[in-house]
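One file, final10.txt, carrying compact mmCIF, C-alpha atoms:
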# COMPACT_ATOMS: atom_id res chain seq x y z
CA MET A 2 0.00 0.00 0.00
CA ALA A 3 1.30 3.45 -0.89
CA THR A 4 2.10 5.66 2.06
CA LEU A 5 0.33 8.94 2.58
CA GLY A 6 3.62 10.85 2.69
CA GLY A 7 4.74 9.41 -0.62
CA ILE A 8 1.49 10.29 -2.36
CA ILE A 9 1.52 13.83 -1.06
CA ALA A 10 5.15 14.70 -1.73
CA GLY A 11 4.81 14.99 -5.51
CA LYS A 12 2.04 17.58 -5.38
CA ALA A 13 2.97 19.92 -2.55
CA ILE A 14 3.52 22.78 -5.02
CA ALA A 15 -0.17 22.78 -5.99
CA LEU A 16 -1.33 23.68 -2.52
CA GLY A 17 1.47 26.20 -2.24
CA LEU A 18 -0.06 28.14 -5.13
CA VAL A 19 -3.44 28.09 -3.39
CA LEU A 20 -1.91 29.35 -0.17
CA LEU A 21 -0.11 32.10 -2.08
CA ALA A 22 -3.44 33.22 -3.53
CA CYS A 23 -4.83 33.38 -0.02
CA TRP A 24 -2.02 35.45 1.49
CA VAL A 25 -2.94 39.12 1.44
CA ALA A 26 -1.48 41.71 3.78
CA GLY A 27 -3.97 42.92 6.37
CA GLY A 28 -4.35 45.37 9.22
CA GLU A 29 -4.34 44.81 12.94
CA SER A 30 -6.84 42.33 14.36
CA ARG A 31 -10.00 43.76 15.86
CA GLY A 32 -11.40 43.64 19.36
CA PRO A 33 -13.93 41.18 20.82
CA ILE A 34 -17.45 40.60 19.60
CA PHE A 35 -20.02 42.10 21.95
CA GLY A 36 -23.31 40.23 22.02
CA ALA A 37 -22.26 38.02 19.11
CA ILE A 38 -24.04 34.87 20.24
CA ARG A 39 -27.31 36.73 20.67
CA ALA A 40 -26.86 38.32 17.26
CA VAL A 41 -26.43 34.95 15.59
CA ARG A 42 -29.49 33.47 17.28
CA HIS A 43 -31.65 36.38 16.18
CA GLY A 44 -30.28 36.48 12.65
CA LEU A 45 -28.73 39.90 13.14
CA VAL A 46 -25.22 39.00 11.97
CA GLY A 47 -24.85 39.90 8.33
CA THR A 48 -27.69 42.41 8.35
CA GLY A 49 -26.67 45.27 6.09
CA ALA A 50 -23.50 43.44 5.15
CA THR A 51 -22.11 43.34 1.62
CA VAL A 52 -22.70 39.83 0.24
CA PHE A 53 -19.93 38.02 -1.60
CA ASP A 54 -21.44 35.07 -3.47
CA VAL A 55 -18.78 32.50 -4.42
CA THR A 56 -20.50 31.85 -7.75
CA ASN A 57 -19.60 35.41 -8.77
CA TYR A 58 -15.96 34.41 -8.39
CA GLY A 59 -16.16 31.32 -10.58
CA ALA A 60 -17.53 28.67 -8.22
CA LYS A 61 -19.75 26.02 -9.83
CA ALA A 62 -22.20 23.79 -7.99
CA ASP A 63 -21.76 20.84 -10.35
CA GLY A 64 -20.08 18.45 -7.90
CA LYS A 65 -17.01 18.04 -10.09
CA THR A 66 -15.32 21.43 -10.57
CA ASP A 67 -12.65 22.17 -7.95
CA ASN A 68 -13.84 25.42 -6.38
CA ALA A 69 -10.94 26.00 -3.97
CA LEU A 70 -9.51 29.00 -5.79
CA ALA A 71 -12.96 30.56 -6.33
CA PHE A 72 -13.67 30.22 -2.59
CA ILE A 73 -10.36 31.89 -1.76
CA LYS A 74 -10.97 34.75 -4.20
CA ALA A 75 -14.39 35.39 -2.66
CA TRP A 76 -12.90 35.27 0.83
CA ASN A 77 -10.14 37.74 -0.03
CA ALA A 78 -12.72 40.15 -1.44
CA ALA A 79 -14.93 39.84 1.65
CA CYS A 80 -12.07 39.94 4.13
CA HIS A 81 -10.56 43.09 2.66
CA SER A 82 -13.77 44.96 1.91
CA ASN A 83 -14.84 48.08 3.75
CA GLY A 84 -17.62 47.55 6.27
CA PRO A 85 -19.56 44.41 7.24
CA ALA A 86 -19.20 41.46 4.89
CA LYS A 87 -20.82 38.08 4.36
CA LEU A 88 -19.45 35.32 2.15
CA VAL A 89 -22.21 33.05 0.83
CA ILE A 90 -21.87 29.54 -0.57
CA PRO A 91 -25.36 28.99 -2.03
CA THR A 92 -27.39 25.82 -2.42
CA GLY A 93 -25.95 23.05 -4.52
CA THR A 94 -22.99 20.69 -4.30
CA PHE A 95 -19.54 22.25 -4.50
CA LEU A 96 -16.39 20.16 -4.82
CA SER A 97 -13.27 21.62 -3.23
CA GLY A 98 -9.68 20.78 -2.51
CA PRO A 99 -7.84 22.44 0.41
CA VAL A 100 -8.82 26.03 1.21
CA VAL A 101 -7.33 28.64 3.56
CA PHE A 102 -9.46 31.54 4.80
CA GLN A 103 -6.86 33.80 6.33
CA GLY A 104 -6.97 37.13 8.11
CA PRO A 105 -6.65 39.61 9.56
CA CYS A 106 -9.62 41.20 7.85
CA GLU A 107 -10.04 44.91 7.26
CA GLY A 108 -13.80 45.35 7.57
CA SER A 109 -15.81 45.59 10.78
CA ASN A 110 -16.15 42.27 12.55
CA PRO A 111 -17.53 39.72 12.71
CA ILE A 112 -17.16 38.52 9.15
CA THR A 113 -19.80 35.90 8.31
CA ILE A 114 -19.52 32.77 6.18
CA GLU A 115 -22.93 31.32 5.38
CA VAL A 116 -23.02 27.90 3.76
CA GLN A 117 -26.42 27.06 2.30
CA GLY A 118 -25.41 24.00 0.30
CA ASN A 119 -23.05 21.03 0.44
CA ILE A 120 -19.28 21.09 0.11
CA ILE A 121 -17.55 17.82 -0.74
CA ALA A 122 -13.83 17.26 -0.42
CA SER A 123 -11.53 16.21 -3.21
CA THR A 124 -10.67 12.54 -2.86
CA ASP A 125 -7.13 12.93 -4.23
CA ILE A 126 -5.11 13.03 -1.00
CA SER A 127 -2.01 14.10 -2.91
CA GLU A 128 -3.58 17.57 -3.04
CA TYR A 129 -3.34 17.91 0.73
CA SER A 130 0.28 18.79 1.40
CA GLU A 131 -0.78 20.10 4.82
CA ASP A 132 -3.08 18.45 7.36
CA GLY A 133 -6.21 20.46 6.69
CA TRP A 134 -9.11 20.81 4.25
CA PHE A 135 -10.79 24.08 5.31
CA TRP A 136 -8.50 26.32 7.36
CA PHE A 137 -9.54 29.44 9.25
CA GLU A 138 -6.51 31.40 10.45
CA MET A 139 -5.64 34.68 12.16
CA ILE A 140 -9.22 35.98 12.15
CA ASP A 141 -10.66 38.10 14.96
CA GLY A 142 -14.45 37.97 14.68
CA LEU A 143 -15.79 35.07 12.61
CA VAL A 144 -19.24 33.50 12.25
CA LEU A 145 -19.57 30.24 10.32
CA LYS A 146 -23.20 29.28 9.79
CA GLY A 147 -24.84 26.18 8.36
CA GLY A 148 -23.99 23.88 5.52
CA ILE A 149 -22.66 20.35 5.10
CA PHE A 150 -18.92 19.65 4.85
CA ASP A 151 -18.42 16.12 3.53
CA GLY A 152 -14.80 15.03 3.82
CA GLN A 153 -15.39 11.83 1.80
CA GLY A 154 -12.99 10.15 4.18
CA GLN A 155 -14.02 6.64 3.19
CA THR A 156 -11.71 7.02 0.18
CA ALA A 157 -8.70 7.85 2.38
CA TRP A 158 -9.02 5.87 5.62
CA GLN A 159 -7.05 2.99 4.06
CA TYR A 160 -3.96 5.23 4.16
CA ASN A 161 -4.16 5.72 7.94
CA ASP A 162 -1.45 3.58 9.53
CA CYS A 163 -1.22 5.44 12.84
CA LYS A 164 -2.27 2.36 14.79
CA HIS A 165 0.97 0.65 13.78
CA ASN A 166 3.22 3.63 13.02
CA SER A 167 3.98 6.15 15.77
CA GLY A 168 5.50 8.51 13.19
CA CYS A 169 2.50 8.42 10.87
CA GLN A 170 1.27 11.42 8.93
CA HIS A 171 -2.28 12.27 9.96
CA LEU A 172 -4.97 12.61 7.34
CA PRO A 173 -6.42 16.11 6.76
CA VAL A 174 -8.66 17.77 9.33
CA SER A 175 -11.98 18.85 7.80
CA LEU A 176 -12.37 22.17 9.62
CA LYS A 177 -9.25 23.61 11.18
CA PHE A 178 -9.28 26.76 13.31
CA ASN A 179 -5.88 28.22 14.15
CA LYS A 180 -5.20 31.54 15.88
CA VAL A 181 -8.81 32.68 15.72
CA LYS A 182 -10.56 34.88 18.28
CA ASN A 183 -14.22 35.54 19.00
CA THR A 184 -15.59 32.82 16.76
CA ILE A 185 -19.05 31.27 16.50
CA VAL A 186 -19.74 28.10 14.54
CA ASP A 187 -23.48 27.44 14.40
CA GLY A 188 -25.46 24.69 12.69
CA VAL A 189 -22.59 23.14 10.76
CA THR A 190 -22.64 19.47 9.69
CA SER A 191 -19.37 17.58 9.22
CA LEU A 192 -19.54 14.16 7.59
CA ASN A 193 -16.91 11.46 7.05
CA SER A 194 -13.82 13.52 7.75
CA LYS A 195 -10.54 12.09 6.50
CA GLY A 196 -8.90 12.91 9.84
CA PHE A 197 -10.34 14.94 12.70
CA HIS A 198 -13.64 16.72 12.02
CA PHE A 199 -12.78 19.90 13.95
CA SER A 200 -9.39 21.04 15.20
CA LEU A 201 -8.92 24.12 17.35
CA THR A 202 -5.47 25.49 18.25
CA PHE A 203 -4.07 28.73 19.68
CA SER A 204 -7.52 30.30 19.79
CA GLN A 205 -9.66 32.23 22.26
CA ASN A 206 -13.36 32.73 22.84
CA PHE A 207 -14.75 30.03 20.54
CA THR A 208 -18.37 28.88 20.59
CA GLY A 209 -19.63 25.79 18.74
CA VAL A 210 -23.38 25.19 18.87
CA ASN A 211 -25.83 22.90 17.05
CA LEU A 212 -23.04 20.91 15.44
CA ASN A 213 -23.75 17.60 13.69
CA ILE A 214 -20.60 15.48 13.40
CA SER A 215 -20.72 11.98 11.97
CA ALA A 216 -18.41 9.19 10.80
CA PRO A 217 -18.60 5.39 11.18
CA GLY A 218 -17.45 3.87 14.44
CA ASN A 219 -14.64 2.02 12.65
CA SER A 220 -13.23 5.09 10.87
CA PRO A 221 -9.67 5.72 12.15
CA ASN A 222 -8.76 8.88 14.09
CA THR A 223 -11.92 10.75 13.13
CA ASP A 224 -12.11 12.69 16.40
CA GLY A 225 -15.16 14.94 16.51
CA ILE A 226 -13.63 18.01 18.14
CA ARG A 227 -9.98 18.17 19.16
CA LEU A 228 -8.79 21.28 20.95
CA SER A 229 -5.49 22.40 22.42
CA SER A 230 -3.62 25.58 23.40
CA SER A 231 -6.93 27.45 23.52
CA ASP A 232 -8.91 29.38 26.12
CA ARG A 233 -12.61 30.09 26.73
CA ILE A 234 -14.10 27.34 24.61
CA ASN A 235 -17.83 26.55 24.67
CA ILE A 236 -19.35 23.55 22.87
CA SER A 237 -23.08 22.91 23.30
CA SER A 238 -26.23 21.28 21.91
CA SER A 239 -24.38 19.04 19.47
CA PHE A 240 -24.45 15.47 18.15
CA ILE A 241 -21.15 13.65 17.65
CA ALA A 242 -20.61 10.13 16.27
CA THR A 243 -17.05 9.17 15.37
CA GLY A 244 -14.37 6.50 15.21
CA ASP A 245 -12.33 8.16 17.98
CA ASP A 246 -12.92 10.65 20.81
CA CYS A 247 -16.14 12.60 20.43
CA ILE A 248 -14.30 15.46 22.10
CA GLY A 249 -10.58 15.42 22.89
CA ILE A 250 -9.29 18.12 25.22
CA ILE A 251 -5.53 18.20 24.78
CA GLN A 252 -2.66 20.15 26.34
CA GLY A 253 -2.98 23.86 26.95
CA ALA A 254 -6.78 23.87 27.00
CA THR A 255 -8.24 26.18 29.65
CA ASN A 256 -11.73 27.34 30.62
CA VAL A 257 -13.57 24.77 28.53
CA THR A 258 -17.35 24.31 28.92
CA ILE A 259 -19.15 21.41 27.24
CA THR A 260 -22.92 21.02 27.65
CA GLN A 261 -25.77 19.06 26.10
CA ILE A 262 -23.65 16.74 23.98
CA THR A 263 -24.90 13.47 22.48
CA CYS A 264 -21.95 11.19 21.80
CA GLY A 265 -21.72 7.75 20.19
CA PRO A 266 -20.32 5.74 18.67
CA GLY A 267 -16.79 6.80 19.53
CA HIS A 268 -14.25 6.75 22.35
CA GLY A 269 -16.12 9.11 24.65
CA ILE A 270 -15.17 12.51 26.06
CA SER A 271 -11.49 12.63 26.97
CA ILE A 272 -8.98 14.92 28.59
CA GLY A 273 -5.64 13.98 27.07
CA SER A 274 -3.56 12.29 26.14
CA LEU A 275 -1.16 14.41 28.19
CA GLY A 276 2.54 14.15 28.86
CA LYS A 277 3.85 12.72 25.61
CA TYR A 278 5.51 15.76 24.04
CA PRO A 279 7.89 18.42 25.37
CA GLU A 280 6.60 21.88 26.26
CA GLU A 281 3.00 20.77 26.80
CA LYS A 282 0.91 23.17 28.87
CA ASP A 283 -1.51 22.62 31.74
CA VAL A 284 -5.18 21.75 31.27
CA ILE A 285 -7.19 23.79 33.77
CA GLY A 286 -10.92 24.39 34.03
CA VAL A 287 -12.83 21.75 32.03
CA HIS A 288 -16.53 21.42 32.87
CA VAL A 289 -18.62 18.78 31.08
CA ARG A 290 -22.32 18.74 31.95
CA ASN A 291 -25.56 17.23 30.61
CA ALA A 292 -24.07 14.75 28.16
CA THR A 293 -25.40 11.43 26.89
CA LEU A 294 -22.98 8.77 25.63
CA THR A 295 -24.21 5.60 23.91
CA ASN A 296 -22.21 2.56 22.78
CA THR A 297 -18.88 4.29 23.34
CA THR A 298 -15.59 2.67 24.30
CA ASN A 299 -15.18 5.10 27.19
CA GLY A 300 -17.46 7.40 29.08
CA VAL A 301 -15.61 10.28 30.73
CA ARG A 302 -11.84 9.88 30.79
CA ILE A 303 -8.54 11.47 31.75
CA LYS A 304 -5.49 9.88 30.13
CA THR A 305 -1.78 10.63 30.55
CA TYR A 306 1.35 8.95 29.28
CA PRO A 307 3.95 7.50 31.63
CA GLY A 308 7.16 9.52 31.68
CA ALA A 309 8.81 12.69 32.88
CA ARG A 310 6.71 15.41 31.21
CA GLN A 311 5.52 17.65 34.05
CA LEU A 312 2.21 19.47 33.83
CA HIS A 313 -1.12 19.73 35.63
CA ALA A 314 -4.70 18.72 34.88
CA SER A 315 -7.03 20.34 37.42
CA ASP A 316 -10.45 21.91 38.05
CA ILE A 317 -12.25 19.19 36.09
CA ILE A 318 -15.97 18.43 36.47
CA PHE A 319 -18.00 15.68 34.80
CA GLU A 320 -21.59 16.17 35.94
CA ASP A 321 -25.10 14.99 34.98
CA ILE A 322 -23.87 12.35 32.53
CA VAL A 323 -26.01 9.52 31.12
CA LEU A 324 -24.15 6.44 29.86
CA ASN A 325 -25.75 3.71 27.75
CA ASN A 326 -23.85 0.46 27.13
CA VAL A 327 -20.48 2.10 27.73
CA LYS A 328 -17.40 -0.09 28.20
CA ASN A 329 -15.30 2.09 30.54
CA PRO A 330 -17.71 4.53 32.20
CA ILE A 331 -15.38 6.45 34.53
CA ILE A 332 -11.64 6.25 34.02
CA ILE A 333 -8.40 7.98 34.95
CA ASP A 334 -5.58 6.21 33.15
CA GLN A 335 -2.09 7.52 33.92
CA ASN A 336 -0.39 4.65 32.15
CA TYR A 337 -2.01 5.28 28.78
CA GLY A 338 -0.40 3.71 25.75
CA SER A 339 1.89 1.40 27.74
CA HIS A 340 1.52 -2.16 28.96
CA LYS A 341 4.50 -1.79 31.26
CA VAL A 342 5.28 1.20 33.44
CA ILE A 343 8.90 2.18 32.81
CA LYS A 344 8.60 5.56 34.53
CA PRO A 345 5.40 6.72 36.25
CA SER A 346 3.55 9.67 34.80
CA SER A 347 4.65 13.09 36.02
CA VAL A 348 1.33 14.70 35.09
CA LYS A 349 -0.40 15.91 38.25
CA VAL A 350 -4.15 15.24 38.22
CA SER A 351 -6.13 17.06 40.91
CA ASP A 352 -9.48 18.65 41.80
CA VAL A 353 -11.53 16.19 39.70
CA HIS A 354 -15.25 15.66 40.26
CA PHE A 355 -17.49 12.90 38.88
CA LYS A 356 -21.06 13.82 39.87
CA ASN A 357 -24.46 12.32 39.06
CA ILE A 358 -23.28 9.80 36.48
CA ARG A 359 -25.85 7.10 35.72
CA GLY A 360 -26.78 4.48 33.15
CA THR A 361 -25.47 1.12 31.97
CA THR A 362 -22.09 -0.44 31.34
CA ILE A 363 -20.85 -3.58 29.61
CA SER A 364 -17.84 -3.81 31.95
CA ASP A 365 -17.51 -5.39 35.39
CA LEU A 366 -14.89 -2.75 36.21
CA ALA A 367 -17.07 0.33 35.98
CA VAL A 368 -14.83 2.80 37.82
CA LEU A 369 -11.06 2.78 37.26
CA LEU A 370 -8.91 5.45 38.86
CA SER A 371 -5.36 4.43 37.95
CA CYS A 372 -3.15 7.30 39.05
CA SER A 373 0.59 7.82 39.05
CA SER A 374 2.66 6.22 41.80
CA SER A 375 5.05 9.18 41.77
CA ASN A 376 2.34 11.83 41.49
CA PRO A 377 -0.89 10.51 43.07
CA CYS A 378 -4.21 12.13 42.15
CA ASP A 379 -5.49 14.66 44.71
CA GLN A 380 -9.01 15.83 45.54
CA VAL A 381 -10.92 13.30 43.46
CA GLU A 382 -14.65 13.18 44.24
CA LEU A 383 -17.30 10.67 43.19
CA SER A 384 -20.85 11.70 44.05
CA ASP A 385 -24.07 9.88 43.10
CA ILE A 386 -22.67 7.25 40.75
CA ASN A 387 -25.45 4.85 39.74
CA LEU A 388 -24.53 2.32 37.06
CA SER A 389 -25.98 -1.07 36.24
CA TYR A 390 -24.73 -3.92 34.12
CA ALA A 391 -26.31 -3.66 30.67
CA GLY A 392 -28.79 -6.42 29.90
CA THR A 393 -27.98 -8.61 32.90
CA PRO A 394 -29.06 -7.06 36.21
CA LEU A 395 -27.82 -10.08 38.21
CA ARG A 396 -24.27 -9.23 37.23
CA ASN A 397 -24.45 -6.03 39.27
CA LYS A 398 -22.93 -7.85 42.24
CA ASN A 399 -19.75 -8.32 40.18
CA MET A 400 -19.35 -4.68 39.26
CA THR A 401 -16.34 -3.13 40.96
CA SER A 402 -14.33 0.03 41.41
CA SER A 403 -10.56 0.19 41.43
CA CYS A 404 -8.56 3.07 42.87
CA MET A 405 -4.77 3.14 42.67
CA ASN A 406 -2.57 5.92 44.01
CA THR A 407 -5.49 8.09 44.99
CA LYS A 408 -7.85 8.41 47.96
CA PRO A 409 -11.11 9.73 46.51
CA THR A 410 -14.05 10.95 48.54
CA PHE A 411 -17.44 9.29 48.00
CA SER A 412 -20.93 10.62 48.70
CA GLY A 413 -24.50 9.71 47.83
CA THR A 414 -25.30 6.63 45.75
CA GLN A 415 -22.32 4.45 44.84
CA ASN A 416 -23.04 1.67 42.40
CA PRO A 417 -20.59 0.04 41.85
CA PRO A 418 -19.48 0.15 45.47
CA ALA A 419 -16.80 2.64 46.42
CA CYS A 420 -13.16 1.63 46.36
CA GLN A 421 -11.80 0.23 49.60
For the structure just supplied, provide its representation as structure tokens.
Amino acid sequence: MATLGGIIAGKAIALGLVLLACWVAGGESRGPIFGAIRAVRHGLVGTGATVFDVTNYGAKADGKTDNALAFIKAWNAACHSNGPAKLVIPTGTFLSGPVVFQGPCEGSNPITIEVQGNIIASTDISEYSEDGWFWFEMIDGLVLKGGIFDGQGQTAWQYNDCKHNSGCQHLPVSLKFNKVKNTIVDGVTSLNSKGFHFSLTFSQNFTGVNLNISAPGNSPNTDGIRLSSSDRINISSSFIATGDDCIGIIQGATNVTITQITCGPGHGISIGSLGKYPEEKDVIGVHVRNATLTNTTNGVRIKTYPGARQLHASDIIFEDIVLNNVKNPIIIDQNYGSHKVIKPSSVKVSDVHFKNIRGTTISDLAVLLSCSSSNPCDQVELSDINLSYAGTPLRNKNMTSSCMNTKPTFSGTQNPPACQ
């Protein structure tokens, strides 16, 4: 089988030309959006804005013309126009290779992108010399509304060898946000991403609402939302079905709020993995509430690698969670990715709360808190945990909890029984 790197290498110049078309000098980034969420919900964003229809820049909704350059031309016109601007991708099916929407923009913010139709990704992975399909970069004030982004990942998943190759090249992310501020993504559907569906890095004040994210349970590394090095992130009222973590909260993520999420299939909602790479930053302030997970490998999870990387994961709350047929409902795993502990994890996990978690599990070991022997978990609380064995109530007597290198506090209902 051809490797992804070998296929891509011969065509890197093509994307370089696209990126060159996108690069336009801009002014200083603007300040925060005041009342932006309310404006989106009431349809006020874009009112009185100049509309930039991609079809006026050569885009064709025929499902076979590559519209990447037309999209970029329309973006550059909107981004560098005077006054409010809205880029519109109308109804129809638009094929596109990799696209970069790059700021800073000159008009008043936010700039709006409204997708009314379907966008399907090119299936020639040699076009993707970088790890993204749609990139949004260096924009202060962005609203992305509606539309379907179909990554057509089923044509590329065969090239994913990350399960057997630690140095693998990841397949392209469908929607990649890098160095954006004051962003709202509302009502977007992402289907069959080649790699991650959403990636968020080095960004602040990001809201994702009413998202519909879907890929088969056996699709490799199709994380729903993966975020790192970002602050003030809010994800709510969304459906996520993937072949990996529904939401992965990686190093450097702070002040993250996740509410009203439906997850499954997938690997659950995870903090980590942490502690694998140098210069990772702390994860502080992650609150997950009112989520339902069905037929997932894990429920709510914190995972760190063994080794000497020192950082903290703290102020973490998993609350009001419903689990249906979940394999590992509640888990802290500080020996992730290793069958033998060579050096205990140096990641410090503390101030963690599992509260009002209920439902069914397919595992006898329903609660596993496996913390580091050199850096035990502190201030771990389990309150009102009520799980039953899926399909076989008599097996409840065999359900157990295991706590290593931590002394959690227990209150309220505890089923399985608390650790001794």
Please provide the set of residues having any atom within 7 Å of Lys146 in chain A, restricted to all atoms listed in the file, with same-chain residues fewer than 6 positions apart removed, written as a PDB file with C-alpha atoms, keeping the file's coordinate frame.
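And here's result.pdb as it stands now:
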ATOM      1  CA  ILE A 114     -19.520  32.770   6.180  1.00  0.00           C
ATOM      2  CA  GLU A 115     -22.930  31.320   5.380  1.00  0.00           C
ATOM      3  CA  VAL A 116     -23.020  27.900   3.760  1.00  0.00           C
ATOM      4  CA  VAL A 186     -19.740  28.100  14.540  1.00  0.00           C
ATOM      5  CA  ASP A 187     -23.480  27.440  14.400  1.00  0.00           C
ATOM      6  CA  GLY A 188     -25.460  24.690  12.690  1.00  0.00           C
ATOM      7  CA  VAL A 189     -22.590  23.140  10.760  1.00  0.00           C
TER       8      VAL A 189
END
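Remark: for Gly253 in chain A, the closest of the candidate residues A:Val210, A:Ala292, A:Leu312, A:Leu366 is A:Leu312 (distances computed over only C-alpha atoms).
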Using all atoms listed in the file, which residues sit within 6 Å of Val353 in chain A once same-chain residues fewer than 3 positions away are excluded, as a VMD selection string?
chain A and resid 317 to 318 381
If you count all atoms listed in the file, which residues fall within 10 Å of Ile262 in chain A, apart from same-chain ones fewer than 6 positions away, as a ChimeraX atom specification?
/A:210-212,236-241,247-248,270,289-294,322
Selected residues, C-alpha atoms, written as a PDB file, in the coordinates of the input, please.
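And here's again.pdb as it stands now:
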ATOM      1  CA  VAL A 210     -23.380  25.190  18.870  1.00  0.00           C
ATOM      2  CA  ASN A 211     -25.830  22.900  17.050  1.00  0.00           C
ATOM      3  CA  LEU A 212     -23.040  20.910  15.440  1.00  0.00           C
ATOM      4  CA  ILE A 236     -19.350  23.550  22.870  1.00  0.00           C
ATOM      5  CA  SER A 237     -23.080  22.910  23.300  1.00  0.00           C
ATOM      6  CA  SER A 238     -26.230  21.280  21.910  1.00  0.00           C
ATOM      7  CA  SER A 239     -24.380  19.040  19.470  1.00  0.00           C
ATOM      8  CA  PHE A 240     -24.450  15.470  18.150  1.00  0.00           C
ATOM      9  CA  ILE A 241     -21.150  13.650  17.650  1.00  0.00           C
ATOM     10  CA  CYS A 247     -16.140  12.600  20.430  1.00  0.00           C
ATOM     11  CA  ILE A 248     -14.300  15.460  22.100  1.00  0.00           C
ATOM     12  CA  ILE A 270     -15.170  12.510  26.060  1.00  0.00           C
ATOM     13  CA  VAL A 289     -18.620  18.780  31.080  1.00  0.00           C
ATOM     14  CA  ARG A 290     -22.320  18.740  31.950  1.00  0.00           C
ATOM     15  CA  ASN A 291     -25.560  17.230  30.610  1.00  0.00           C
ATOM     16  CA  ALA A 292     -24.070  14.750  28.160  1.00  0.00           C
ATOM     17  CA  THR A 293     -25.400  11.430  26.890  1.00  0.00           C
ATOM     18  CA  LEU A 294     -22.980   8.770  25.630  1.00  0.00           C
ATOM     19  CA  ILE A 322     -23.870  12.350  32.530  1.00  0.00           C
TER      20      ILE A 322
END
With distances taken over all atoms listed in the file, the candidate from A:Thr94, A:Gly360, A:Ala78, A:Thr407 nearest Thr66 in chain A is A:Thr94
Expected axis-aligned box over every listed atom of range 153-167 of chain A, 6 Å added per side, centre plus edges in Å to one decimal, as lines of an AutoDock Vina configuration file:
center_x = -5.7
center_y = 6.2
center_z = 8.0
size_x = 31.4
size_y = 23.2
size_z = 27.6
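One distance worth recording is that between CA of Phe197 in chain A and CA of Ser231 in chain A, which is 16.9 Å.
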Close residues, Asn299 in chain A itself excluded, 7 Å, all atoms listed in the file, min 4 positions apart in chain, as a VMD selection string
chain A and resid 268 to 269 327 to 330
